[in-house]
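Listing of final-v4.txt, compact mmCIF, C-alpha atoms and all ligand atoms
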```
# COMPACT_ATOMS: atom_id res chain seq x y z
CA ARG A 1 -3.07 107.65 -238.67
CA THR A 2 0.56 108.70 -238.99
CA PRO A 3 3.00 110.11 -236.42
CA ASN A 4 3.08 113.90 -236.47
CA THR A 5 6.85 114.39 -236.45
CA GLN A 6 7.37 116.80 -239.34
CA SER A 7 6.84 119.95 -237.27
CA LEU A 8 9.02 118.82 -234.37
CA ASN A 9 12.22 120.08 -235.98
CA LEU A 10 14.14 116.96 -234.95
CA PRO A 11 17.91 116.81 -235.53
CA ASP A 12 19.22 114.53 -238.30
CA SER A 13 20.70 112.21 -235.68
CA ILE A 14 17.13 111.07 -234.80
CA GLU A 15 16.10 108.79 -237.65
CA ILE A 16 12.51 108.56 -238.87
CA ASP A 17 10.99 105.44 -240.45
CA SER A 18 9.09 105.32 -243.74
CA TYR A 19 5.77 105.99 -241.92
CA GLY A 20 7.09 109.15 -240.23
CA GLY A 21 7.61 107.50 -236.82
CA VAL A 22 10.70 108.05 -234.68
CA LEU A 23 12.89 104.94 -234.89
CA VAL A 24 13.53 103.42 -231.46
CA SER A 25 15.25 100.36 -230.04
CA SER A 26 13.43 97.88 -227.77
CA ASP A 27 14.21 100.13 -224.76
CA MET A 28 12.69 103.14 -226.60
CA GLN A 29 16.04 104.83 -227.29
CA THR A 30 16.17 106.82 -230.52
CA THR A 31 19.12 106.69 -232.89
CA ALA A 32 20.54 109.64 -230.93
CA PRO A 33 22.06 108.05 -227.80
CA GLY A 34 20.43 109.24 -224.57
CA ILE A 35 17.27 110.54 -226.29
CA TYR A 36 14.12 108.44 -225.88
CA ALA A 37 10.70 108.51 -227.55
CA ALA A 38 7.32 106.98 -226.64
CA GLY A 39 3.69 107.17 -227.72
CA ASP A 40 2.12 108.08 -231.04
CA VAL A 41 5.36 109.70 -232.16
CA VAL A 42 6.96 106.25 -232.61
CA GLY A 43 4.07 104.90 -234.69
CA ARG A 44 1.83 101.86 -234.31
CA PRO A 45 -0.26 100.86 -232.43
CA PHE A 46 -1.23 104.50 -231.54
CA LEU A 47 -2.85 103.66 -228.20
CA ALA A 48 -2.84 105.51 -224.88
CA SER A 49 -2.12 102.28 -223.00
CA THR A 50 0.88 101.30 -225.14
CA GLY A 51 2.20 104.88 -225.11
CA MET A 52 2.27 104.82 -221.31
CA ALA A 53 3.93 101.38 -221.27
CA GLN A 54 6.57 102.63 -223.72
CA ALA A 55 7.24 105.69 -221.55
CA GLN A 56 7.54 103.41 -218.50
CA ALA A 57 9.99 101.15 -220.36
CA ALA A 58 12.08 104.19 -221.29
CA ALA A 59 12.03 105.47 -217.69
CA ASN A 60 13.03 102.00 -216.42
CA THR A 61 16.01 101.98 -218.76
CA ILE A 62 17.04 105.50 -217.80
CA PHE A 63 16.66 105.20 -214.03
CA LEU A 64 16.81 101.48 -213.11
CA ASP A 65 19.40 98.77 -213.42
CA ALA A 66 18.00 96.62 -216.26
CA SER A 67 18.67 93.42 -214.31
CA SER A 68 16.28 94.56 -211.58
CA VAL A 69 13.29 94.77 -213.93
CA ALA A 70 13.80 91.74 -216.16
CA GLY A 71 12.09 88.45 -215.28
CA GLU A 72 13.16 85.01 -216.36
CA CYS A 73 11.98 82.61 -219.03
CA LYS A 74 13.18 79.06 -219.51
CA GLU A 75 15.29 78.74 -222.64
CA GLY A 76 13.14 77.80 -225.63
CA ASP A 77 9.83 78.62 -223.89
CA ALA A 78 8.36 80.55 -226.81
CA ALA A 79 5.19 81.59 -225.00
CA CYS A 80 6.79 82.82 -221.77
CA VAL A 81 6.03 86.50 -221.22
CA VAL A 82 8.39 88.86 -219.40
CA ASP A 83 8.06 92.63 -219.26
CA GLY A 84 5.26 92.59 -221.80
CA ALA A 85 7.07 90.71 -224.55
CA ALA A 86 7.22 86.98 -225.18
CA GLN A 87 10.33 85.36 -226.52
CA ALA A 88 8.23 84.38 -229.52
CA GLY A 89 7.37 88.01 -230.26
CA SER A 90 9.89 88.54 -233.00
CA SER A 91 8.70 85.43 -234.85
CA PHE A 92 5.37 87.09 -235.71
CA ASP A 93 4.84 89.38 -238.69
CA PRO A 94 6.50 92.67 -237.67
CA ALA A 95 4.25 94.59 -240.07
CA SER A 96 1.16 93.44 -238.18
CA LEU A 97 -0.52 95.72 -235.66
CA ALA A 98 -0.13 93.01 -233.04
CA SER A 99 3.31 91.83 -234.10
CA ASN A 100 3.82 90.43 -230.62
CA PRO A 101 0.45 89.10 -229.44
CA PHE A 102 1.78 88.88 -225.88
CA ALA A 103 2.79 92.55 -225.72
CA PHE A 104 -0.58 94.06 -224.80
CA PRO A 105 -4.30 93.26 -224.79
CA THR A 106 -6.25 94.56 -227.76
CA GLY A 107 -9.75 95.95 -227.21
CA VAL A 108 -12.18 97.02 -229.91
CA TRP A 109 -14.96 99.34 -228.72
CA THR A 110 -17.64 97.99 -231.01
CA THR A 111 -21.08 96.66 -230.08
CA PRO A 112 -20.50 93.98 -228.98
CA GLU A 113 -16.95 94.59 -227.73
CA VAL A 114 -14.09 92.43 -228.98
CA ALA A 115 -10.89 91.82 -227.03
CA THR A 116 -7.91 89.54 -227.34
CA TYR A 117 -4.62 88.71 -225.66
CA GLY A 118 -2.02 86.08 -226.52
CA VAL A 119 -2.07 83.73 -229.47
CA THR A 120 -4.82 82.33 -231.68
CA LEU A 121 -5.01 78.59 -232.36
CA GLU A 122 -3.10 79.04 -235.64
CA GLN A 123 -0.42 81.21 -234.04
CA ALA A 124 -0.01 78.74 -231.17
CA LYS A 125 0.49 75.92 -233.67
CA SER A 126 3.09 78.00 -235.52
CA LEU A 127 5.14 78.29 -232.30
CA GLU A 128 5.91 74.56 -232.62
CA LEU A 129 5.88 74.01 -228.87
CA GLY A 130 5.89 70.26 -229.43
CA GLU A 131 2.46 69.97 -227.83
CA GLU A 132 -1.07 69.57 -229.14
CA ILE A 133 -2.99 72.86 -229.03
CA GLY A 134 -6.71 73.09 -228.27
CA GLU A 135 -9.35 75.77 -228.01
CA ALA A 136 -12.22 75.76 -225.54
CA VAL A 137 -15.30 77.92 -225.93
CA ALA A 138 -18.02 79.18 -223.60
CA LEU A 139 -21.05 81.10 -224.83
CA TYR A 140 -22.33 84.09 -222.86
CA MET A 141 -25.70 82.34 -223.02
CA GLU A 142 -24.22 79.52 -220.90
CA CYS A 143 -23.51 81.72 -217.87
CA LEU A 144 -26.34 83.16 -215.82
CA ARG A 145 -25.24 86.79 -216.05
CA GLY A 146 -24.94 86.45 -219.81
CA ARG A 147 -28.30 84.72 -220.13
CA VAL A 148 -30.08 87.50 -218.21
CA PHE A 149 -28.24 90.63 -219.36
CA ALA A 150 -26.13 90.04 -222.49
CA PRO A 151 -26.56 86.60 -224.10
CA ASP A 152 -24.82 87.30 -227.43
CA GLY A 153 -21.13 86.49 -227.37
CA LEU A 154 -18.43 83.98 -226.55
CA LEU A 155 -15.12 83.54 -224.74
CA LYS A 156 -12.43 81.27 -226.15
CA LEU A 157 -9.29 79.93 -224.47
CA VAL A 158 -6.37 78.63 -226.52
CA TYR A 159 -4.40 76.11 -224.45
CA ILE A 160 -1.93 73.26 -224.52
CA LYS A 161 -3.81 69.95 -224.54
CA PRO A 162 -5.00 68.11 -222.56
CA ALA A 163 -5.07 70.45 -219.55
CA GLY A 164 -2.05 72.65 -219.90
CA ARG A 165 -1.12 76.30 -220.03
CA ILE A 166 -3.45 78.93 -221.40
CA LEU A 167 -1.77 80.72 -224.32
CA GLY A 168 -4.50 83.06 -225.50
CA VAL A 169 -7.92 84.48 -224.65
CA HIS A 170 -10.36 85.85 -227.23
CA ILE A 171 -13.67 87.42 -226.28
CA CYS A 172 -16.59 88.91 -228.18
CA GLY A 173 -19.44 90.22 -226.04
CA GLU A 174 -20.44 92.50 -223.17
CA ALA A 175 -17.47 93.86 -221.14
CA ALA A 176 -14.95 91.99 -223.32
CA CYS A 177 -12.48 94.88 -223.02
CA GLU A 178 -12.61 94.50 -219.20
CA LEU A 179 -12.63 90.70 -219.07
CA VAL A 180 -9.54 90.32 -221.25
CA HIS A 181 -7.25 91.63 -218.49
CA TYR A 182 -7.98 88.64 -216.25
CA GLY A 183 -7.21 86.38 -219.23
CA MET A 184 -3.95 88.25 -219.77
CA GLN A 185 -2.92 87.50 -216.18
CA LEU A 186 -3.77 83.81 -216.68
CA VAL A 187 -1.45 83.70 -219.70
CA LYS A 188 1.34 85.72 -218.09
CA SER A 189 1.32 83.71 -214.88
CA GLN A 190 1.31 80.44 -216.85
CA GLN A 191 -2.00 79.23 -215.41
CA THR A 192 -3.55 76.08 -216.87
CA VAL A 193 -7.12 75.26 -217.83
CA GLU A 194 -7.05 72.93 -214.83
CA ASP A 195 -6.17 75.87 -212.51
CA CYS A 196 -9.03 77.79 -214.06
CA ARG A 197 -11.44 74.90 -213.66
CA ASN A 198 -10.47 74.47 -210.00
CA SER A 199 -10.95 78.15 -209.16
CA LEU A 200 -14.13 79.39 -207.57
CA TYR A 201 -15.70 82.33 -209.40
CA SER A 202 -18.41 84.50 -207.89
CA ALA A 203 -21.91 83.99 -209.18
CA VAL A 204 -23.43 85.79 -211.02
CA THR A 205 -20.48 87.22 -213.00
CA PHE A 206 -19.12 87.19 -216.53
CA HIS A 207 -15.89 85.74 -215.09
CA GLU A 208 -17.72 82.43 -214.80
CA LEU A 209 -17.18 82.23 -218.57
CA TYR A 210 -13.53 81.38 -217.86
CA LYS A 211 -14.54 78.39 -215.75
CA LEU A 212 -17.13 77.28 -218.31
CA ALA A 213 -14.51 77.43 -221.08
CA ALA A 214 -12.04 75.50 -218.90
CA ASP A 215 -14.74 72.89 -218.24
CA ALA A 216 -15.22 72.61 -222.01
CA ALA A 217 -11.53 71.70 -222.36
CA PHE A 218 -12.17 68.60 -220.22
CA ASP A 219 -15.44 67.51 -221.80
CA GLU A 220 -15.53 68.60 -225.43
CA ALA A 221 -18.53 66.45 -226.39
CA GLY A 222 -20.59 67.61 -223.39
CA ALA A 223 -19.60 71.23 -224.04
CA ARG A 224 -20.71 70.96 -227.68
CA LYS A 225 -24.14 69.74 -226.53
CA ARG A 226 -24.42 72.55 -223.95
CA ARG A 227 -23.45 75.15 -226.56
CA ALA A 228 -25.96 73.74 -229.05
CA ALA A 229 -28.75 73.93 -226.44
CA ALA A 230 -27.70 77.45 -225.40
CA GLY A 231 -27.51 78.55 -229.04
CA LYS A 232 -31.00 77.17 -229.70
CA ALA A 233 -32.41 78.97 -226.65
CA LEU A 234 -30.70 82.20 -227.75
CA ALA A 235 -32.13 81.95 -231.27
CA GLN A 236 -35.61 81.39 -229.78
CA ARG A 237 -35.18 84.39 -227.45
CA ASN A 238 -34.00 86.64 -230.30
CA ARG A 239 -36.97 85.50 -232.45
CA GLU A 240 -39.38 86.42 -229.64
CA ILE A 241 -37.77 89.85 -229.21
CA ARG A 242 -37.96 90.46 -232.96
CA ASP A 243 -41.62 89.36 -233.12
CA GLU A 244 -42.53 91.61 -230.17
CA ALA A 245 -40.88 94.58 -231.89
CA GLN A 246 -42.86 94.05 -235.11
C1 LIG A 301 -10.79 109.74 -231.34
C2 LIG A 301 -9.71 108.94 -230.66
C3 LIG A 301 -10.06 107.88 -229.84
C4 LIG A 301 -9.07 107.14 -229.19
N1 LIG A 301 -9.44 106.09 -228.36
C5 LIG A 301 -8.50 105.39 -227.71
C6 LIG A 301 -8.86 104.33 -226.82
O1 LIG A 301 -10.04 104.01 -226.62
N2 LIG A 301 -7.88 103.64 -226.18
C7 LIG A 301 -6.56 103.98 -226.37
O2 LIG A 301 -5.69 103.34 -225.74
N3 LIG A 301 -6.19 104.98 -227.19
C8 LIG A 301 -7.11 105.70 -227.87
N4 LIG A 301 -6.74 106.73 -228.72
C9 LIG A 301 -5.31 106.99 -228.94
C10 LIG A 301 -4.69 107.84 -227.83
O3 LIG A 301 -5.45 109.02 -227.63
C11 LIG A 301 -3.26 108.20 -228.24
O4 LIG A 301 -2.58 107.01 -228.61
C12 LIG A 301 -2.52 108.85 -227.09
O5 LIG A 301 -3.16 110.06 -226.70
C13 LIG A 301 -1.08 109.16 -227.51
O6 LIG A 301 -0.41 109.79 -226.44
P1 LIG A 301 0.88 110.64 -226.72
O7 LIG A 301 1.31 111.17 -225.40
O8 LIG A 301 1.85 109.84 -227.51
O9 LIG A 301 0.43 111.83 -227.70
P2 LIG A 301 -0.62 113.00 -227.43
O10 LIG A 301 -1.69 112.57 -226.49
O11 LIG A 301 -1.03 113.47 -228.80
O12 LIG A 301 0.23 114.09 -226.69
C14 LIG A 301 1.21 114.85 -227.37
C15 LIG A 301 1.26 116.22 -226.71
O13 LIG A 301 2.38 116.94 -227.23
C16 LIG A 301 1.96 118.27 -227.49
N5 LIG A 301 2.86 118.82 -228.52
C17 LIG A 301 2.81 118.65 -229.85
N6 LIG A 301 3.81 119.31 -230.45
C18 LIG A 301 4.51 119.90 -229.48
C19 LIG A 301 5.68 120.73 -229.46
N7 LIG A 301 6.31 121.07 -230.58
N8 LIG A 301 6.12 121.16 -228.27
C20 LIG A 301 5.51 120.82 -227.12
N9 LIG A 301 4.40 120.04 -227.07
C21 LIG A 301 3.92 119.59 -228.24
C22 LIG A 301 0.52 118.14 -227.93
O14 LIG A 301 -0.17 119.35 -227.75
C23 LIG A 301 0.01 117.05 -226.99
O15 LIG A 301 -0.45 117.59 -225.77
C24 LIG A 301 -7.71 107.47 -229.38
C25 LIG A 301 -7.37 108.56 -230.21
C26 LIG A 301 -8.35 109.28 -230.85
C27 LIG A 301 -7.94 110.44 -231.72
```
Translate this structure into structure tokens?
Ligand SMILES: Cc1cc2nc3c(=O)[nH]c(=O)nc-3n(C[C@H](O)[C@H](O)[C@H](O)COP(=O)(O)OP(=O)(O)OC[C@H]3O[C@@H](n4cnc5c(N)ncnc54)[C@H](O)[C@@H]3O)c2cc1C
Amino acid sequence: RTPNTQSLNLPDSIEIDSYGGVLVSSDMQTTAPGIYAAGDVVGRPFLASTGMAQAQAAANTIFLDASSVAGECKEGDAACVVDGAAQAGSSFDPASLASNPFAFPTGVWTTPEVATYGVTLEQAKSLELGEEIGEAVALYMECLRGRVFAPDGLLKLVYIKPAGRILGVHICGEAACELVHYGMQLVKSQQTVEDCRNSLYSAVTFHELYKLAADAAFDEAGARKRRAAAGKALAQRNREIRDEAQ
């Protein structure tokens, strides 16, 4: 997809990039002072959610004192997120769709759904936070709601070892595009896997996957055994379903 700007009859003072998108600054101002752009017209990622956030950012700049909307990050805290952009954002590949993995959650409406927010293990390592990075996994088959209704899938937390901040959440499975928003709040509010482990989640919900993944961060060997058993049970279940269908 490309921005449809050709027919807009824009003045020369509004510059267009090589993909046809209106060039904007971080506060969505075009190269013509006082004129703002948001949405598909500025190019990637061409999403309704990001278009609305861009429009909101432009309105904040136009109508609010910038100091009243900005939060605070400690100097050098690469993974701190304020106003939808982490300080580390610019260090990621700007040509990538998710050039700043902290800017917005990504949802893919496939079967099963895929959703992600924050950094992967590799990206977290590249931030050079001076800490060891881990990833903790829970299978849908390990939680009761998953086992009964949607056993195929997993949720993964990327975190600072041994029990530190959660830096990313990656989900493949039922309702992933919904579940990712809770993970986004964990990352943005600098929650740890310990916070997650100590929280009480309603049974029988998919949110229990967060607690199971946090538990896995504390007992990697035990979690591996539980996943192996769950995986075996899932394979058996899928074999039975296949045999019944034949
Ligand atoms: C099939 C499909 C599925 C999608 N699914 C998702 C999804 O699941 N999640 C998601 O977040 N996004 C999704 N999107 C993307 C989302 O629809 C767009 O990113 C979003 O609508 C962009 O909003 P916009 O306001 O920038 O542009 P638009 O919604 O295109 O609005 C632009 C408006 O400007 C009007 N206009 C054009 N030229 C002029 C003119 N000269 N004068 C006055 N008015 C004009 C148009 O008629 C239109 O009403 C999907 C898009 C498609 C096509």
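A straight line drawn from atom CA of A:Leu234 to atom CA of A:Glu142 is 9.8 Å long.
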To one decimal in Å, tell me the separation between atom CA of A:Met28 and atom CA of A:Ala59.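 That distance, rounded to one decimal, is 9.2 Å.
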Using only C-alpha atoms and all ligand atoms, find each residue of chain A with at least one atom at most 10 Å away from an atom of ligand LIG 301 (chain A); report its shortest atom-to-atom pair and that distance in Å (one decimal), sort the rows by chain and rising residue number, and return the result as JSON lines.
```
{"residue": "A:Arg1", "atom": "CA", "partner": "A:LIG301", "partner_atom": "C27", "distance": 8.9}
{"residue": "A:Pro3", "atom": "CA", "partner": "A:LIG301", "partner_atom": "O8", "distance": 9.0}
{"residue": "A:Asn4", "atom": "CA", "partner": "A:LIG301", "partner_atom": "N6", "distance": 8.1}
{"residue": "A:Thr5", "atom": "CA", "partner": "A:LIG301", "partner_atom": "N6", "distance": 8.3}
{"residue": "A:Gln6", "atom": "CA", "partner": "A:LIG301", "partner_atom": "N7", "distance": 9.8}
{"residue": "A:Ser7", "atom": "CA", "partner": "A:LIG301", "partner_atom": "N7", "distance": 6.8}
{"residue": "A:Leu8", "atom": "CA", "partner": "A:LIG301", "partner_atom": "N7", "distance": 5.2}
{"residue": "A:Asn9", "atom": "CA", "partner": "A:LIG301", "partner_atom": "N7", "distance": 8.1}
{"residue": "A:Leu10", "atom": "CA", "partner": "A:LIG301", "partner_atom": "N7", "distance": 9.9}
{"residue": "A:Ala37", "atom": "CA", "partner": "A:LIG301", "partner_atom": "O8", "distance": 8.9}
{"residue": "A:Ala38", "atom": "CA", "partner": "A:LIG301", "partner_atom": "O8", "distance": 6.2}
{"residue": "A:Gly39", "atom": "CA", "partner": "A:LIG301", "partner_atom": "O8", "distance": 3.2}
{"residue": "A:Asp40", "atom": "CA", "partner": "A:LIG301", "partner_atom": "O8", "distance": 4.0}
{"residue": "A:Val41", "atom": "CA", "partner": "A:LIG301", "partner_atom": "O8", "distance": 5.8}
{"residue": "A:Val42", "atom": "CA", "partner": "A:LIG301", "partner_atom": "O8", "distance": 8.1}
{"residue": "A:Gly43", "atom": "CA", "partner": "A:LIG301", "partner_atom": "O8", "distance": 9.0}
{"residue": "A:Arg44", "atom": "CA", "partner": "A:LIG301", "partner_atom": "O4", "distance": 8.9}
{"residue": "A:Pro45", "atom": "CA", "partner": "A:LIG301", "partner_atom": "O4", "distance": 7.6}
{"residue": "A:Phe46", "atom": "CA", "partner": "A:LIG301", "partner_atom": "O4", "distance": 4.1}
{"residue": "A:Leu47", "atom": "CA", "partner": "A:LIG301", "partner_atom": "O4", "distance": 3.4}
{"residue": "A:Ala48", "atom": "CA", "partner": "A:LIG301", "partner_atom": "O2", "distance": 3.7}
{"residue": "A:Ser49", "atom": "CA", "partner": "A:LIG301", "partner_atom": "O2", "distance": 4.6}
{"residue": "A:Thr50", "atom": "CA", "partner": "A:LIG301", "partner_atom": "O2", "distance": 6.9}
{"residue": "A:Gly51", "atom": "CA", "partner": "A:LIG301", "partner_atom": "O8", "distance": 5.5}
{"residue": "A:Met52", "atom": "CA", "partner": "A:LIG301", "partner_atom": "O7", "distance": 7.6}
{"residue": "A:Gln54", "atom": "CA", "partner": "A:LIG301", "partner_atom": "O8", "distance": 9.4}
{"residue": "A:Ala55", "atom": "CA", "partner": "A:LIG301", "partner_atom": "O7", "distance": 8.9}
{"residue": "A:Thr106", "atom": "CA", "partner": "A:LIG301", "partner_atom": "O2", "distance": 9.0}
{"residue": "A:Gly107", "atom": "CA", "partner": "A:LIG301", "partner_atom": "N2", "distance": 8.0}
{"residue": "A:Val108", "atom": "CA", "partner": "A:LIG301", "partner_atom": "O1", "distance": 8.0}
{"residue": "A:Trp109", "atom": "CA", "partner": "A:LIG301", "partner_atom": "O1", "distance": 7.1}
```
Counting all atoms listed in the file, which residues have an atom no more than 10 Å from (-23.0, 91.9, -222.1) in the file's coordinates? Please list them as JSON, numbers by chain. {"A": [111, 112, 113, 140, 141, 145, 146, 147, 148, 149, 150, 151, 152, 153, 172, 173, 174, 175, 176, 206]}
Using only C-alpha atoms, determine which residues lie at most 8 Å from stretch 192-199 of chain A, disregarding the query and same-chain residues fewer than 6 positions distant; provide the list as a VMD selection string. chain A and resid 159 163 to 166 186 210 to 212 214 to 215 217
Please report the interatomic distance between atom CA of A:Ala115 and atom CA of A:Lys188 in Å with one decimal.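 Value for the atom CA of A:Ala115-atom CA of A:Lys188 distance: 16.3 Å.
Distances from A:Pro33, A:Pro105, A:Pro11, A:Gly21 to A:Cys177 were compared using all atoms listed in the file, and the smallest one belongs to A:Pro105.
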Do a neighbour search on A:Ile62 at 10 Å with all atoms listed in the file, toss out local chain neighbours closer than 5 positions, and write the hits as a VMD selection string. chain A and resid 27 29 34 to 36 56 to 57
From the set A:Gln246, A:Ser126, A:Ala213, A:Leu200, which residue has the shortest atom-to-atom contact distance to A:Leu154, counting all atoms listed in the file?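 For A:Leu154, the nearest of the candidates is A:Ala213.
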Any idea what's packed within 8 Å of A:Pro162, counting only C-alpha atoms, ignoring anything in its chain fewer than 5 positions away? Could you give it as a CSV table (one decimal) with C-alpha atoms, in the coordinates of the input?
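Result written to selection_30.csv:
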```csv
chain,number,residue,atom,x,y,z
A,132,GLU,CA,-1.1,69.6,-229.1
A,134,GLY,CA,-6.7,73.1,-228.3
A,217,ALA,CA,-11.5,71.7,-222.4
A,218,PHE,CA,-12.2,68.6,-220.2
```
Using all atoms listed in the file, can you tell me which of A:Ala79, A:Leu155, A:Leu209, A:Ala235 comes closest to A:Val114? A:Leu155
Closest to A:Ile133 among A:Thr2, A:Tyr117, A:Leu157, A:Thr110, using only C-alpha atoms?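 For A:Ile133, the nearest of the candidates is A:Leu157.
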Using the incomplete input, complete stretch 121-134 of chain A to the level of N, CA, C and O atoms; output as a PDB file, keeping the file's coordinate frame.
```
ATOM      1  N   LEU A 121      -5.334  80.009-232.168  1.00  0.00           N
ATOM      2  CA  LEU A 121      -5.010  78.590-232.360  1.00  0.00           C
ATOM      3  C   LEU A 121      -3.916  78.434-233.418  1.00  0.00           C
ATOM      4  O   LEU A 121      -2.932  77.712-233.215  1.00  0.00           O
ATOM      5  N   GLU A 122      -4.082  79.151-234.546  1.00  0.00           N
ATOM      6  CA  GLU A 122      -3.100  79.040-235.640  1.00  0.00           C
ATOM      7  C   GLU A 122      -1.730  79.536-235.198  1.00  0.00           C
ATOM      8  O   GLU A 122      -0.706  78.922-235.491  1.00  0.00           O
ATOM      9  N   GLN A 123      -1.708  80.675-234.497  1.00  0.00           N
ATOM     10  CA  GLN A 123      -0.420  81.210-234.040  1.00  0.00           C
ATOM     11  C   GLN A 123       0.244  80.258-233.047  1.00  0.00           C
ATOM     12  O   GLN A 123       1.454  80.052-233.084  1.00  0.00           O
ATOM     13  N   ALA A 124      -0.569  79.670-232.158  1.00  0.00           N
ATOM     14  CA  ALA A 124      -0.010  78.740-231.170  1.00  0.00           C
ATOM     15  C   ALA A 124       0.613  77.542-231.876  1.00  0.00           C
ATOM     16  O   ALA A 124       1.697  77.080-231.505  1.00  0.00           O
ATOM     17  N   LYS A 125      -0.065  77.060-232.925  1.00  0.00           N
ATOM     18  CA  LYS A 125       0.490  75.920-233.670  1.00  0.00           C
ATOM     19  C   LYS A 125       1.805  76.314-234.331  1.00  0.00           C
ATOM     20  O   LYS A 125       2.745  75.527-234.385  1.00  0.00           O
ATOM     21  N   SER A 126       1.877  77.570-234.811  1.00  0.00           N
ATOM     22  CA  SER A 126       3.090  78.000-235.520  1.00  0.00           C
ATOM     23  C   SER A 126       4.286  78.133-234.573  1.00  0.00           C
ATOM     24  O   SER A 126       5.426  78.185-235.014  1.00  0.00           O
ATOM     25  N   LEU A 127       4.030  78.195-233.262  1.00  0.00           N
ATOM     26  CA  LEU A 127       5.140  78.290-232.300  1.00  0.00           C
ATOM     27  C   LEU A 127       5.903  76.978-232.177  1.00  0.00           C
ATOM     28  O   LEU A 127       7.000  76.939-231.617  1.00  0.00           O
ATOM     29  N   GLU A 128       5.288  75.890-232.661  1.00  0.00           N
ATOM     30  CA  GLU A 128       5.910  74.560-232.620  1.00  0.00           C
ATOM     31  C   GLU A 128       6.426  74.244-231.219  1.00  0.00           C
ATOM     32  O   GLU A 128       7.617  74.018-230.997  1.00  0.00           O
ATOM     33  N   LEU A 129       5.511  74.271-230.261  1.00  0.00           N
ATOM     34  CA  LEU A 129       5.880  74.010-228.870  1.00  0.00           C
ATOM     35  C   LEU A 129       6.071  72.518-228.608  1.00  0.00           C
ATOM     36  O   LEU A 129       6.465  72.115-227.520  1.00  0.00           O
ATOM     37  N   GLY A 130       5.765  71.700-229.620  1.00  0.00           N
ATOM     38  CA  GLY A 130       5.890  70.260-229.430  1.00  0.00           C
ATOM     39  C   GLY A 130       4.728  69.677-228.658  1.00  0.00           C
ATOM     40  O   GLY A 130       4.823  68.586-228.104  1.00  0.00           O
ATOM     41  N   GLU A 131       3.634  70.421-228.572  1.00  0.00           N
ATOM     42  CA  GLU A 131       2.460  69.970-227.830  1.00  0.00           C
ATOM     43  C   GLU A 131       1.233  70.149-228.717  1.00  0.00           C
ATOM     44  O   GLU A 131       1.232  70.983-229.625  1.00  0.00           O
ATOM     45  N   GLU A 132       0.179  69.381-228.410  1.00  0.00           N
ATOM     46  CA  GLU A 132      -1.070  69.570-229.140  1.00  0.00           C
ATOM     47  C   GLU A 132      -1.784  70.800-228.573  1.00  0.00           C
ATOM     48  O   GLU A 132      -1.820  70.996-227.350  1.00  0.00           O
ATOM     49  N   ILE A 133      -2.322  71.626-229.466  1.00  0.00           N
ATOM     50  CA  ILE A 133      -2.990  72.860-229.030  1.00  0.00           C
ATOM     51  C   ILE A 133      -4.504  72.685-229.172  1.00  0.00           C
ATOM     52  O   ILE A 133      -4.984  72.138-230.164  1.00  0.00           O
ATOM     53  N   GLY A 134      -5.250  73.165-228.189  1.00  0.00           N
ATOM     54  CA  GLY A 134      -6.710  73.090-228.270  1.00  0.00           C
ATOM     55  C   GLY A 134      -7.332  74.451-228.050  1.00  0.00           C
ATOM     56  O   GLY A 134      -6.663  75.399-227.632  1.00  0.00           O
TER      57      GLY A 134
END
```
